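Student: Contents are compact mmCIF, C-alpha atoms and all ligand atoms; file name protein_23.txt:
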# COMPACT_ATOMS: atom_id res chain seq x y z
CA MET A 681 109.23 82.12 99.44
CA LYS A 682 110.06 85.65 98.43
CA ILE A 683 111.38 87.97 101.14
CA ALA A 684 110.21 91.56 101.72
CA LEU A 685 111.53 94.29 104.03
CA ILE A 686 108.93 96.90 104.98
CA THR A 687 110.21 99.99 106.79
CA GLY A 688 107.89 101.41 109.44
CA GLY A 689 105.95 98.15 109.19
CA ALA A 690 104.63 97.85 112.76
CA LYS A 691 101.56 100.08 112.48
CA ARG A 692 99.02 101.77 110.24
CA ILE A 693 99.68 101.58 106.46
CA GLY A 694 103.00 99.77 106.92
CA ALA A 695 101.38 97.01 109.00
CA GLN A 696 98.75 96.43 106.31
CA ILE A 697 101.48 96.23 103.63
CA VAL A 698 103.17 93.59 105.82
CA LYS A 699 99.94 91.56 106.18
CA THR A 700 99.00 91.77 102.50
CA LEU A 701 102.48 90.77 101.33
CA HIS A 702 102.45 87.90 103.83
CA SER A 703 99.13 86.64 102.52
CA ASN A 704 100.64 86.84 99.02
CA ASN A 705 103.37 84.37 100.01
CA TYR A 706 106.12 86.73 101.09
CA ASP A 707 108.19 86.16 104.18
CA VAL A 708 108.34 89.55 105.85
CA ILE A 709 111.00 91.52 107.72
CA ILE A 710 109.14 94.11 109.77
CA HIS A 711 111.26 97.17 110.46
CA TYR A 712 110.39 99.39 113.44
CA ARG A 713 111.92 102.26 115.40
CA ASN A 714 109.79 102.90 118.54
CA SER A 715 106.94 100.40 117.98
CA LYS A 716 108.69 97.21 119.15
CA LYS A 717 105.61 95.83 120.90
CA GLU A 718 103.38 96.27 117.82
CA ALA A 719 106.09 94.81 115.56
CA GLN A 720 106.46 91.77 117.82
CA GLU A 721 102.70 91.23 118.02
CA LEU A 722 102.38 91.43 114.24
CA ALA A 723 105.26 88.99 113.73
CA THR A 724 103.70 86.55 116.23
CA LEU A 725 100.34 86.75 114.44
CA LEU A 726 101.97 85.97 111.09
CA ASN A 727 104.27 83.24 112.46
CA ASN A 728 101.21 81.53 113.91
CA LYS A 729 99.82 81.41 110.37
CA ARG A 730 103.10 80.24 108.78
CA THR A 731 106.11 79.18 110.86
CA ASN A 732 109.26 81.33 110.54
CA SER A 733 107.62 83.69 108.07
CA ALA A 734 108.07 86.99 109.94
CA THR A 735 110.97 88.65 111.75
CA ILE A 736 111.44 92.11 113.21
CA VAL A 737 114.39 94.46 112.91
CA HIS A 738 115.13 97.77 114.61
CA ALA A 739 116.74 100.81 112.96
CA GLU A 740 116.76 104.57 113.48
CA LEU A 741 116.60 105.59 109.83
CA THR A 742 117.97 109.10 110.26
CA ASN A 743 121.29 107.47 111.14
CA ILE A 744 123.48 106.12 108.34
CA GLY A 745 125.28 103.71 110.70
CA SER A 746 121.93 102.22 111.67
CA ILE A 747 120.96 101.87 107.99
CA ASN A 748 124.23 100.03 107.27
CA LYS A 749 123.68 97.72 110.25
CA LEU A 750 120.17 96.95 108.96
CA LYS A 751 121.60 96.14 105.53
CA ARG A 752 124.15 93.72 107.00
CA SER A 753 121.34 91.76 108.67
CA ILE A 754 119.63 91.08 105.31
CA PRO A 755 121.55 88.75 102.98
CA LYS A 756 118.60 87.88 100.69
CA LEU A 757 115.83 90.19 99.53
CA ASP A 758 113.16 90.30 96.78
CA LEU A 759 111.27 93.45 97.75
CA LEU A 760 112.11 96.63 99.67
CA VAL A 761 109.14 98.82 100.62
CA ASN A 762 110.28 102.27 101.75
CA ASN A 763 107.25 103.20 103.86
CA ALA A 764 108.65 104.81 107.05
CA SER A 765 108.04 108.52 107.15
CA VAL A 766 107.47 111.55 109.32
CA PHE A 767 104.73 114.09 108.64
CA TYR A 768 104.20 117.35 110.52
CA PRO A 769 103.74 121.02 109.62
CA THR A 770 106.81 123.13 108.89
CA PRO A 771 105.65 126.66 107.97
CA VAL A 772 108.59 128.27 106.23
CA PRO A 773 109.49 130.81 108.98
CA GLU A 774 109.64 127.97 111.54
CA VAL A 775 111.87 125.55 109.65
CA ASP A 776 115.18 124.93 111.39
CA GLN A 777 117.97 122.48 110.74
CA ASN A 778 116.51 119.94 113.18
CA SER A 779 113.15 119.67 111.41
CA TRP A 780 114.86 119.76 108.01
CA ASN A 781 117.24 116.93 108.94
CA ASP A 782 114.52 114.88 110.64
CA ILE A 783 112.12 114.97 107.69
CA ILE A 784 114.63 114.85 104.83
CA ASN A 785 116.72 112.12 106.44
CA THR A 786 113.74 109.90 107.30
CA ASN A 787 111.70 110.40 104.12
CA LEU A 788 114.43 110.80 101.50
CA MET A 789 117.95 110.03 102.72
CA SER A 790 117.08 106.64 104.25
CA PRO A 791 115.16 105.27 101.22
CA PHE A 792 118.13 106.25 99.03
CA PHE A 793 120.82 104.62 101.16
CA LEU A 794 118.67 101.56 101.90
CA SER A 795 118.12 101.13 98.16
CA GLN A 796 121.82 101.65 97.49
CA SER A 797 122.98 99.20 100.13
CA LEU A 798 120.37 96.52 99.33
CA SER A 799 120.58 96.84 95.53
CA LEU A 800 123.07 93.97 95.19
CA ALA A 801 120.90 91.60 97.25
CA LEU A 802 117.86 92.71 95.22
CA SER A 803 119.61 92.35 91.87
CA ASN A 804 120.67 88.78 92.76
CA ARG A 805 116.95 87.88 92.80
CA ASN A 806 115.61 90.29 90.13
CA GLY A 807 113.98 92.20 92.95
CA CYS A 808 111.94 95.34 93.27
CA ILE A 809 111.77 98.53 95.32
CA VAL A 810 108.41 100.22 96.02
CA ASN A 811 108.55 103.71 97.53
CA ILE A 812 105.51 105.02 99.38
CA ILE A 813 105.36 108.63 98.25
CA ASP A 814 102.39 111.06 98.47
CA ILE A 815 100.21 112.92 95.98
CA HIS A 816 101.71 116.08 97.50
CA SER A 817 105.04 115.19 95.90
CA ASP A 818 103.60 116.94 92.87
CA ARG A 819 101.34 119.69 94.23
CA PRO A 820 102.39 121.06 97.61
CA LEU A 821 100.40 120.82 100.83
CA LYS A 822 100.35 124.24 102.52
CA ASN A 823 102.57 124.65 105.61
CA HIS A 824 104.36 121.34 104.92
CA SER A 825 107.27 122.61 102.81
CA VAL A 826 109.93 120.18 104.05
CA TYR A 827 107.59 117.16 103.80
CA ASN A 828 106.59 118.20 100.24
CA ILE A 829 110.25 118.57 99.28
CA SER A 830 111.12 115.16 100.79
CA LYS A 831 108.34 113.37 98.90
CA SER A 832 109.09 115.20 95.67
CA GLY A 833 112.67 114.01 96.02
CA LEU A 834 111.43 110.48 96.65
CA ALA A 835 109.39 110.60 93.42
CA MET A 836 112.47 111.64 91.46
CA MET A 837 114.51 109.01 93.29
CA THR A 838 112.00 106.39 92.10
CA LYS A 839 112.54 107.35 88.48
CA THR A 840 116.29 107.89 88.66
CA LEU A 841 116.92 104.57 90.44
CA ALA A 842 114.58 102.77 88.02
CA LYS A 843 116.93 103.90 85.28
CA GLU A 844 120.16 103.24 87.12
CA LEU A 845 119.35 99.88 88.75
CA SER A 846 117.79 98.40 85.60
CA PRO A 847 117.59 95.78 84.24
CA SER A 848 118.05 93.68 87.38
CA VAL A 849 116.04 95.76 89.88
CA ARG A 850 112.70 97.47 89.21
CA VAL A 851 111.79 100.63 91.15
CA CYS A 852 108.21 101.93 91.45
CA GLY A 853 106.13 104.11 93.72
CA VAL A 854 102.67 104.36 95.26
CA SER A 855 101.38 107.85 96.04
CA PRO A 856 98.57 107.73 98.60
CA GLY A 857 96.00 110.46 98.92
CA SER A 858 94.17 110.76 102.25
CA ILE A 859 94.16 107.33 103.92
CA LEU A 860 94.59 107.82 107.70
CA TRP A 861 94.67 111.09 109.61
CA PRO A 862 98.07 111.73 111.24
CA LYS A 863 98.32 109.98 114.61
CA ASP A 864 98.90 112.97 116.91
CA ASP A 865 97.04 115.48 114.80
CA THR A 866 95.94 118.49 116.81
CA THR A 867 95.87 120.95 113.92
CA THR A 868 93.17 119.50 111.62
CA ASN A 869 89.64 120.07 112.97
CA GLN A 870 86.49 118.29 111.75
CA HIS A 871 85.58 121.15 109.40
CA ASP A 872 89.00 120.97 107.71
CA LYS A 873 88.60 117.20 107.37
CA ASP A 874 85.14 117.60 105.79
CA VAL A 875 86.50 120.18 103.32
CA MET A 876 89.31 117.80 102.40
CA ILE A 877 86.92 114.88 101.85
CA GLU A 878 84.71 117.08 99.63
CA LYS A 879 87.67 117.47 97.27
CA ILE A 880 88.05 113.69 96.83
CA ALA A 881 86.11 112.51 93.76
CA LEU A 882 85.04 109.32 95.60
CA ARG A 883 84.06 111.41 98.68
CA ARG A 884 85.86 109.30 101.27
CA GLN A 885 89.31 108.45 102.59
CA GLY A 886 91.03 105.38 101.20
CA GLU A 887 91.61 102.16 103.13
CA VAL A 888 95.04 100.89 104.15
CA GLU A 889 94.28 97.84 101.97
CA ASP A 890 94.12 100.10 98.89
CA ILE A 891 97.77 101.05 99.39
CA ALA A 892 98.88 97.51 100.23
CA ASN A 893 97.13 96.10 97.15
CA ALA A 894 98.90 98.62 94.92
CA VAL A 895 102.26 97.56 96.42
CA VAL A 896 101.50 93.90 95.66
CA PHE A 897 100.40 94.81 92.13
CA LEU A 898 103.67 96.64 91.41
CA ALA A 899 105.80 93.96 93.08
CA SER A 900 104.21 91.31 90.87
CA SER A 901 104.31 93.22 87.56
CA PRO A 902 107.62 92.29 85.93
CA TYR A 903 107.32 94.76 83.00
CA ILE A 904 106.60 97.88 85.07
CA THR A 905 109.43 100.07 86.33
CA GLY A 906 109.84 103.79 87.00
CA GLN A 907 106.09 104.24 87.42
CA ILE A 908 104.25 105.90 90.30
CA ILE A 909 100.58 105.05 90.88
CA SER A 910 98.36 107.56 92.71
CA VAL A 911 95.90 105.79 95.01
CA ASP A 912 93.84 108.80 96.01
CA GLY A 913 90.15 108.27 95.20
CA GLY A 914 90.48 110.88 92.48
CA ARG A 915 91.80 113.60 94.81
CA THR A 916 94.26 114.83 92.18
CA LEU A 917 91.36 115.51 89.78
CA ASN A 918 90.35 118.38 92.08
CA GLN A 919 93.76 119.64 93.24
N1 LIG B 1001 98.42 108.39 106.25
C1 LIG B 1001 98.08 108.88 105.07
O1 LIG B 1001 96.90 109.17 104.80
C2 LIG B 1001 99.15 109.09 104.03
C3 LIG B 1001 98.88 109.99 102.98
C4 LIG B 1001 99.87 110.17 102.01
C5 LIG B 1001 101.07 109.49 102.09
N2 LIG B 1001 101.29 108.64 103.12
C6 LIG B 1001 102.56 107.90 103.17
O2 LIG B 1001 102.31 106.53 103.43
C7 LIG B 1001 103.31 106.00 104.30
C8 LIG B 1001 102.67 105.41 105.55
O3 LIG B 1001 101.87 106.40 106.17
P1 LIG B 1001 101.47 106.31 107.71
O4 LIG B 1001 100.57 107.46 107.97
O5 LIG B 1001 101.05 104.91 108.03
O6 LIG B 1001 102.92 106.57 108.36
P2 LIG B 1001 103.28 107.00 109.87
O7 LIG B 1001 102.35 106.32 110.79
O8 LIG B 1001 103.37 108.49 109.96
O9 LIG B 1001 104.79 106.45 110.02
C9 LIG B 1001 105.12 105.11 109.71
C10 LIG B 1001 106.26 104.67 110.56
O10 LIG B 1001 107.48 105.32 110.19
C11 LIG B 1001 108.42 105.02 111.21
N3 LIG B 1001 109.43 106.07 111.34
C12 LIG B 1001 109.25 107.42 111.40
N4 LIG B 1001 110.43 108.04 111.55
C13 LIG B 1001 111.39 107.06 111.59
C14 LIG B 1001 112.81 107.07 111.73
N5 LIG B 1001 113.50 108.21 111.86
N6 LIG B 1001 113.45 105.88 111.72
C15 LIG B 1001 112.76 104.74 111.60
N7 LIG B 1001 111.43 104.66 111.45
C16 LIG B 1001 110.75 105.81 111.45
C17 LIG B 1001 107.61 104.90 112.52
O11 LIG B 1001 107.95 103.64 113.10
P3 LIG B 1001 107.84 103.37 114.71
O12 LIG B 1001 106.38 103.54 115.03
O13 LIG B 1001 108.34 101.98 114.89
O14 LIG B 1001 108.71 104.41 115.37
C18 LIG B 1001 106.15 104.96 112.04
O15 LIG B 1001 105.31 104.03 112.69
C19 LIG B 1001 104.27 107.14 104.59
O16 LIG B 1001 105.36 107.08 103.70
C20 LIG B 1001 103.44 108.39 104.32
O17 LIG B 1001 104.21 109.51 103.96
C21 LIG B 1001 100.36 108.43 104.10
Translate this structure into structure tokens?

Tutor:
Amino acid sequence: MKIALITGGAKRIGAQIVKTLHSNNYDVIIHYRNSKKEAQELATLLNNKRTNSATIVHAELTNIGSINKLKRSIPKLDLLVNNASVFYPTPVPEVDQNSWNDIINTNLMSPFFLSQSLSLALSNRNGCIVNIIDIHSDRPLKNHSVYNISKSGLAMMTKTLAKELSPSVRVCGVSPGSILWPKDDTTTNQHDKDVMIEKIALRRQGEVEDIANAVVFLASSPYITGQIISVDGGRTLNQ
């Protein structure tokens, strides 16, 4: 069995990546921060399908000590999926060091240091890293400057690590378009959502399975590295 670590794997897109990898014969390590109950329930579901195939691990990813502790708990690894992320508006006049550190450390710092610290384990098994980025890594989403910067950095990290960790570790990315509305979203009303959907060539949001399937595709494509696939229903055609 191959082994995959999925950060932020308890809920939403991360949970689907966990399930799809599991059904593609990966044993999964489900990372969580606050969602212990959901992580445990998911692990139980998967262990009922295949004994000892899912474990859970806690880490606060803005904290380098916590990242190092997570690394020490993982001796063998074939696939790291950097999925955990925070997303909230940061209009430029309102950005302070707290929001900067929160977003940059979660979305950019932690994928870098996780990749660094797990690169030896990955290289021992010709492994792969898949970063979950965002189509707004390229063209900015208004009022989300720090998020845009973090994801743009993650896109460059994908390419720079693909170069530096080759030939023993491949590094790729998946850039989702609109898949799920943010969980505690109070700022986007129905009209704004309709306008957003109108700009998607396929006229609908994507499914969590669309992202998970792209992760599996990249993880099982031994001659692809340094590439980022947009899974956005054609949203970037109209950006
Ligand atoms: N949703 C979309 O339509 C969309 C669009 C474009 C890109 N994306 C990207 O796709 C990925 C998944 O999206 P999503 O909407 O499913 O993500 P999400 O629900 O916003 O967050 C995923 C998980 O990240 C974990 N997390 C956040 N901050 C953390 C921290 N400091 N330390 C440890 N874990 C932390 C949380 O785990 P706990 O719950 O355990 O605390 C959370 O459940 C993200 O990288 C996102 O940027 C999503």

Student: Could you name the residues that touch Leu798 of chain A at 8 Å or less, counting only C-alpha atoms, but leaving out those on the same chain fewer than 3 positions away, as a list in words?

Tutor: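 Result of the neighbour search: Lys751, Leu757, Leu794, Ser795, Ala801 and Leu802 of chain A.
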
Student: For segment 703-720 of chain A, find every residue with an atom within 6 Å (counting all atoms listed in the file), except residues of its own chain fewer than 4 positions away, and show them as an NGL selection string.

Tutor: :A and (681-690 or 733-740)

Student: Closest to Pro847 of chain A among A:Gln777, A:Asn727, A:Asn806, A:Gln885, using only C-alpha atoms?

Tutor: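 Using only C-alpha atoms, Pro847 of chain A sits closest to A:Asn806.
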
Student: Extract, using all atoms listed in the file, all DNA, RNA and protein residues at most 10 Å from Pro902 of chain A, discarding same-chain residues fewer than 4 positions from it, and format them as a list in words.

Tutor: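 In the requested format, the answer is Asn806, Gly807, Cys808, Val849, Arg850, Phe897 and Leu898 of chain A.
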
Student: Which of these, A:Ala764, A:Val896, A:Leu845, A:Leu800, has the shortest distance to Lys831 of chain A once you count all atoms listed in the file?

Tutor: A:Ala764

Student: Calculate how many Å separate atom CA of Tyr827 of chain A from atom CA of Thr868 of chain A, rounding to one decimal.

Tutor: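 That distance, rounded to one decimal, is 16.6 Å.
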
Student: Give as a CSV table (one decimal) with C-alpha atoms, in the coordinates of the input the residues surrounding ligand LIG 1001 (chain B) up to a distance of 6 Å, considering all atoms listed in the file.

Tutor:
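Result file is out15.csv:
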chain,number,residue,atom,x,y,z
A,688,GLY,CA,107.9,101.4,109.4
A,690,ALA,CA,104.6,97.8,112.8
A,691,LYS,CA,101.6,100.1,112.5
A,692,ARG,CA,99.0,101.8,110.2
A,693,ILE,CA,99.7,101.6,106.5
A,694,GLY,CA,103.0,99.8,106.9
A,712,TYR,CA,110.4,99.4,113.4
A,713,ARG,CA,111.9,102.3,115.4
A,714,ASN,CA,109.8,102.9,118.5
A,715,SER,CA,106.9,100.4,118.0
A,739,ALA,CA,116.7,100.8,113.0
A,740,GLU,CA,116.8,104.6,113.5
A,741,LEU,CA,116.6,105.6,109.8
A,742,THR,CA,118.0,109.1,110.3
A,763,ASN,CA,107.2,103.2,103.9
A,764,ALA,CA,108.6,104.8,107.0
A,765,SER,CA,108.0,108.5,107.2
A,766,VAL,CA,107.5,111.6,109.3
A,767,PHE,CA,104.7,114.1,108.6
A,786,THR,CA,113.7,109.9,107.3
A,812,ILE,CA,105.5,105.0,99.4
A,813,ILE,CA,105.4,108.6,98.2
A,814,ASP,CA,102.4,111.1,98.5
A,856,PRO,CA,98.6,107.7,98.6
A,857,GLY,CA,96.0,110.5,98.9
A,858,SER,CA,94.2,110.8,102.2
A,859,ILE,CA,94.2,107.3,103.9
A,860,LEU,CA,94.6,107.8,107.7
A,861,TRP,CA,94.7,111.1,109.6
A,862,PRO,CA,98.1,111.7,111.2

Student: Using only C-alpha atoms, which residues sit within 7 Å of segment 869-882 of chain A once same-chain residues fewer than 4 positions away are excluded, as an MDAnalysis selection string?

Tutor: chainID A and resid 913:915 918

Student: What separation in Å, quoted to one decimal, exists between atom CA of Thr905 of chain A and atom CA of Lys843 of chain A?

Tutor: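 Result for atom CA of Thr905 of chain A versus atom CA of Lys843 of chain A: 8.5 Å, one decimal.
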
Student: With a distance cut-off of 9 Å and only C-alpha atoms, select the neighbouring residues of Asn743 of chain A, excluding the residue or stretch itself and same-chain residues fewer than 5 positions from it, and output the selection as a ChimeraX atom specification.

Tutor: /A:748,785-786,790

Student: For segment 709-738 of chain A, which lacks atoms in the input, supply N, CA and C atoms and format the output as a PDB file, in the coordinates of the input.

Tutor:
ATOM      1  N   ILE A 709     110.113  90.943 106.706  1.00  0.00           N
ATOM      2  CA  ILE A 709     111.000  91.520 107.720  1.00  0.00           C
ATOM      3  C   ILE A 709     110.360  92.853 108.092  1.00  0.00           C
ATOM      4  N   ILE A 710     109.884  92.925 109.327  1.00  0.00           N
ATOM      5  CA  ILE A 710     109.140  94.110 109.770  1.00  0.00           C
ATOM      6  C   ILE A 710     110.111  95.055 110.471  1.00  0.00           C
ATOM      7  N   HIS A 711     110.382  96.183 109.818  1.00  0.00           N
ATOM      8  CA  HIS A 711     111.260  97.170 110.460  1.00  0.00           C
ATOM      9  C   HIS A 711     110.444  98.070 111.390  1.00  0.00           C
ATOM     10  N   TYR A 712     111.040  98.436 112.531  1.00  0.00           N
ATOM     11  CA  TYR A 712     110.390  99.390 113.440  1.00  0.00           C
ATOM     12  C   TYR A 712     111.469 100.285 114.040  1.00  0.00           C
ATOM     13  N   ARG A 713     111.016 101.411 114.609  1.00  0.00           N
ATOM     14  CA  ARG A 713     111.920 102.260 115.400  1.00  0.00           C
ATOM     15  C   ARG A 713     111.445 102.252 116.851  1.00  0.00           C
ATOM     16  N   ASN A 714     110.288 102.868 117.150  1.00  0.00           N
ATOM     17  CA  ASN A 714     109.790 102.900 118.540  1.00  0.00           C
ATOM     18  C   ASN A 714     108.760 101.807 118.824  1.00  0.00           C
ATOM     19  N   SER A 715     108.110 101.282 117.776  1.00  0.00           N
ATOM     20  CA  SER A 715     106.940 100.400 117.980  1.00  0.00           C
ATOM     21  C   SER A 715     107.335  98.925 118.060  1.00  0.00           C
ATOM     22  N   LYS A 716     108.223  98.598 119.023  1.00  0.00           N
ATOM     23  CA  LYS A 716     108.690  97.210 119.150  1.00  0.00           C
ATOM     24  C   LYS A 716     107.548  96.259 119.499  1.00  0.00           C
ATOM     25  N   LYS A 717     106.699  96.704 120.443  1.00  0.00           N
ATOM     26  CA  LYS A 717     105.610  95.830 120.900  1.00  0.00           C
ATOM     27  C   LYS A 717     104.680  95.490 119.730  1.00  0.00           C
ATOM     28  N   GLU A 718     104.277  96.503 118.955  1.00  0.00           N
ATOM     29  CA  GLU A 718     103.380  96.270 117.820  1.00  0.00           C
ATOM     30  C   GLU A 718     104.052  95.396 116.762  1.00  0.00           C
ATOM     31  N   ALA A 719     105.362  95.623 116.553  1.00  0.00           N
ATOM     32  CA  ALA A 719     106.090  94.810 115.560  1.00  0.00           C
ATOM     33  C   ALA A 719     106.136  93.347 115.997  1.00  0.00           C
ATOM     34  N   GLN A 720     106.401  93.142 117.295  1.00  0.00           N
ATOM     35  CA  GLN A 720     106.460  91.770 117.820  1.00  0.00           C
ATOM     36  C   GLN A 720     105.107  91.078 117.716  1.00  0.00           C
ATOM     37  N   GLU A 721     104.054  91.820 118.074  1.00  0.00           N
ATOM     38  CA  GLU A 721     102.700  91.230 118.020  1.00  0.00           C
ATOM     39  C   GLU A 721     102.327  90.851 116.590  1.00  0.00           C
ATOM     40  N   LEU A 722     102.687  91.713 115.647  1.00  0.00           N
ATOM     41  CA  LEU A 722     102.380  91.430 114.240  1.00  0.00           C
ATOM     42  C   LEU A 722     103.159  90.202 113.764  1.00  0.00           C
ATOM     43  N   ALA A 723     104.435  90.144 114.133  1.00  0.00           N
ATOM     44  CA  ALA A 723     105.260  88.990 113.730  1.00  0.00           C
ATOM     45  C   ALA A 723     104.699  87.691 114.325  1.00  0.00           C
ATOM     46  N   THR A 724     104.273  87.747 115.589  1.00  0.00           N
ATOM     47  CA  THR A 724     103.700  86.550 116.230  1.00  0.00           C
ATOM     48  C   THR A 724     102.440  86.102 115.499  1.00  0.00           C
ATOM     49  N   LEU A 725     101.573  87.063 115.184  1.00  0.00           N
ATOM     50  CA  LEU A 725     100.340  86.750 114.440  1.00  0.00           C
ATOM     51  C   LEU A 725     100.669  86.019 113.132  1.00  0.00           C
ATOM     52  N   LEU A 726     101.649  86.549 112.398  1.00  0.00           N
ATOM     53  CA  LEU A 726     101.970  85.970 111.090  1.00  0.00           C
ATOM     54  C   LEU A 726     102.710  84.634 111.229  1.00  0.00           C
ATOM     55  N   ASN A 727     103.567  84.518 112.246  1.00  0.00           N
ATOM     56  CA  ASN A 727     104.270  83.240 112.460  1.00  0.00           C
ATOM     57  C   ASN A 727     103.318  82.132 112.897  1.00  0.00           C
ATOM     58  N   ASN A 728     102.219  82.529 113.559  1.00  0.00           N
ATOM     59  CA  ASN A 728     101.210  81.530 113.910  1.00  0.00           C
ATOM     60  C   ASN A 728     100.486  81.016 112.657  1.00  0.00           C
ATOM     61  N   LYS A 729     100.445  81.858 111.625  1.00  0.00           N
ATOM     62  CA  LYS A 729      99.820  81.410 110.370  1.00  0.00           C
ATOM     63  C   LYS A 729     100.786  80.574 109.548  1.00  0.00           C
ATOM     64  N   ARG A 730     102.078  80.961 109.566  1.00  0.00           N
ATOM     65  CA  ARG A 730     103.100  80.240 108.780  1.00  0.00           C
ATOM     66  C   ARG A 730     104.409  80.336 109.559  1.00  0.00           C
ATOM     67  N   THR A 731     104.932  79.202 109.981  1.00  0.00           N
ATOM     68  CA  THR A 731     106.110  79.180 110.860  1.00  0.00           C
ATOM     69  C   THR A 731     107.308  79.876 110.191  1.00  0.00           C
ATOM     70  N   ASN A 732     108.041  80.641 110.997  1.00  0.00           N
ATOM     71  CA  ASN A 732     109.260  81.330 110.540  1.00  0.00           C
ATOM     72  C   ASN A 732     109.045  82.227 109.322  1.00  0.00           C
ATOM     73  N   SER A 733     107.908  82.872 109.251  1.00  0.00           N
ATOM     74  CA  SER A 733     107.620  83.690 108.070  1.00  0.00           C
ATOM     75  C   SER A 733     107.744  85.192 108.350  1.00  0.00           C
ATOM     76  N   ALA A 734     107.982  85.560 109.619  1.00  0.00           N
ATOM     77  CA  ALA A 734     108.070  86.990 109.940  1.00  0.00           C
ATOM     78  C   ALA A 734     109.131  87.230 111.009  1.00  0.00           C
ATOM     79  N   THR A 735     109.975  88.239 110.757  1.00  0.00           N
ATOM     80  CA  THR A 735     110.970  88.650 111.750  1.00  0.00           C
ATOM     81  C   THR A 735     110.868  90.163 111.924  1.00  0.00           C
ATOM     82  N   ILE A 736     111.448  90.658 113.009  1.00  0.00           N
ATOM     83  CA  ILE A 736     111.440  92.110 113.210  1.00  0.00           C
ATOM     84  C   ILE A 736     112.881  92.616 113.285  1.00  0.00           C
ATOM     85  N   VAL A 737     113.050  93.876 112.892  1.00  0.00           N
ATOM     86  CA  VAL A 737     114.390  94.460 112.910  1.00  0.00           C
ATOM     87  C   VAL A 737     114.273  95.945 113.283  1.00  0.00           C
ATOM     88  N   HIS A 738     115.170  96.378 114.149  1.00  0.00           N
ATOM     89  CA  HIS A 738     115.130  97.770 114.610  1.00  0.00           C
ATOM     90  C   HIS A 738     116.140  98.627 113.826  1.00  0.00           C
TER      91      HIS A 738
END
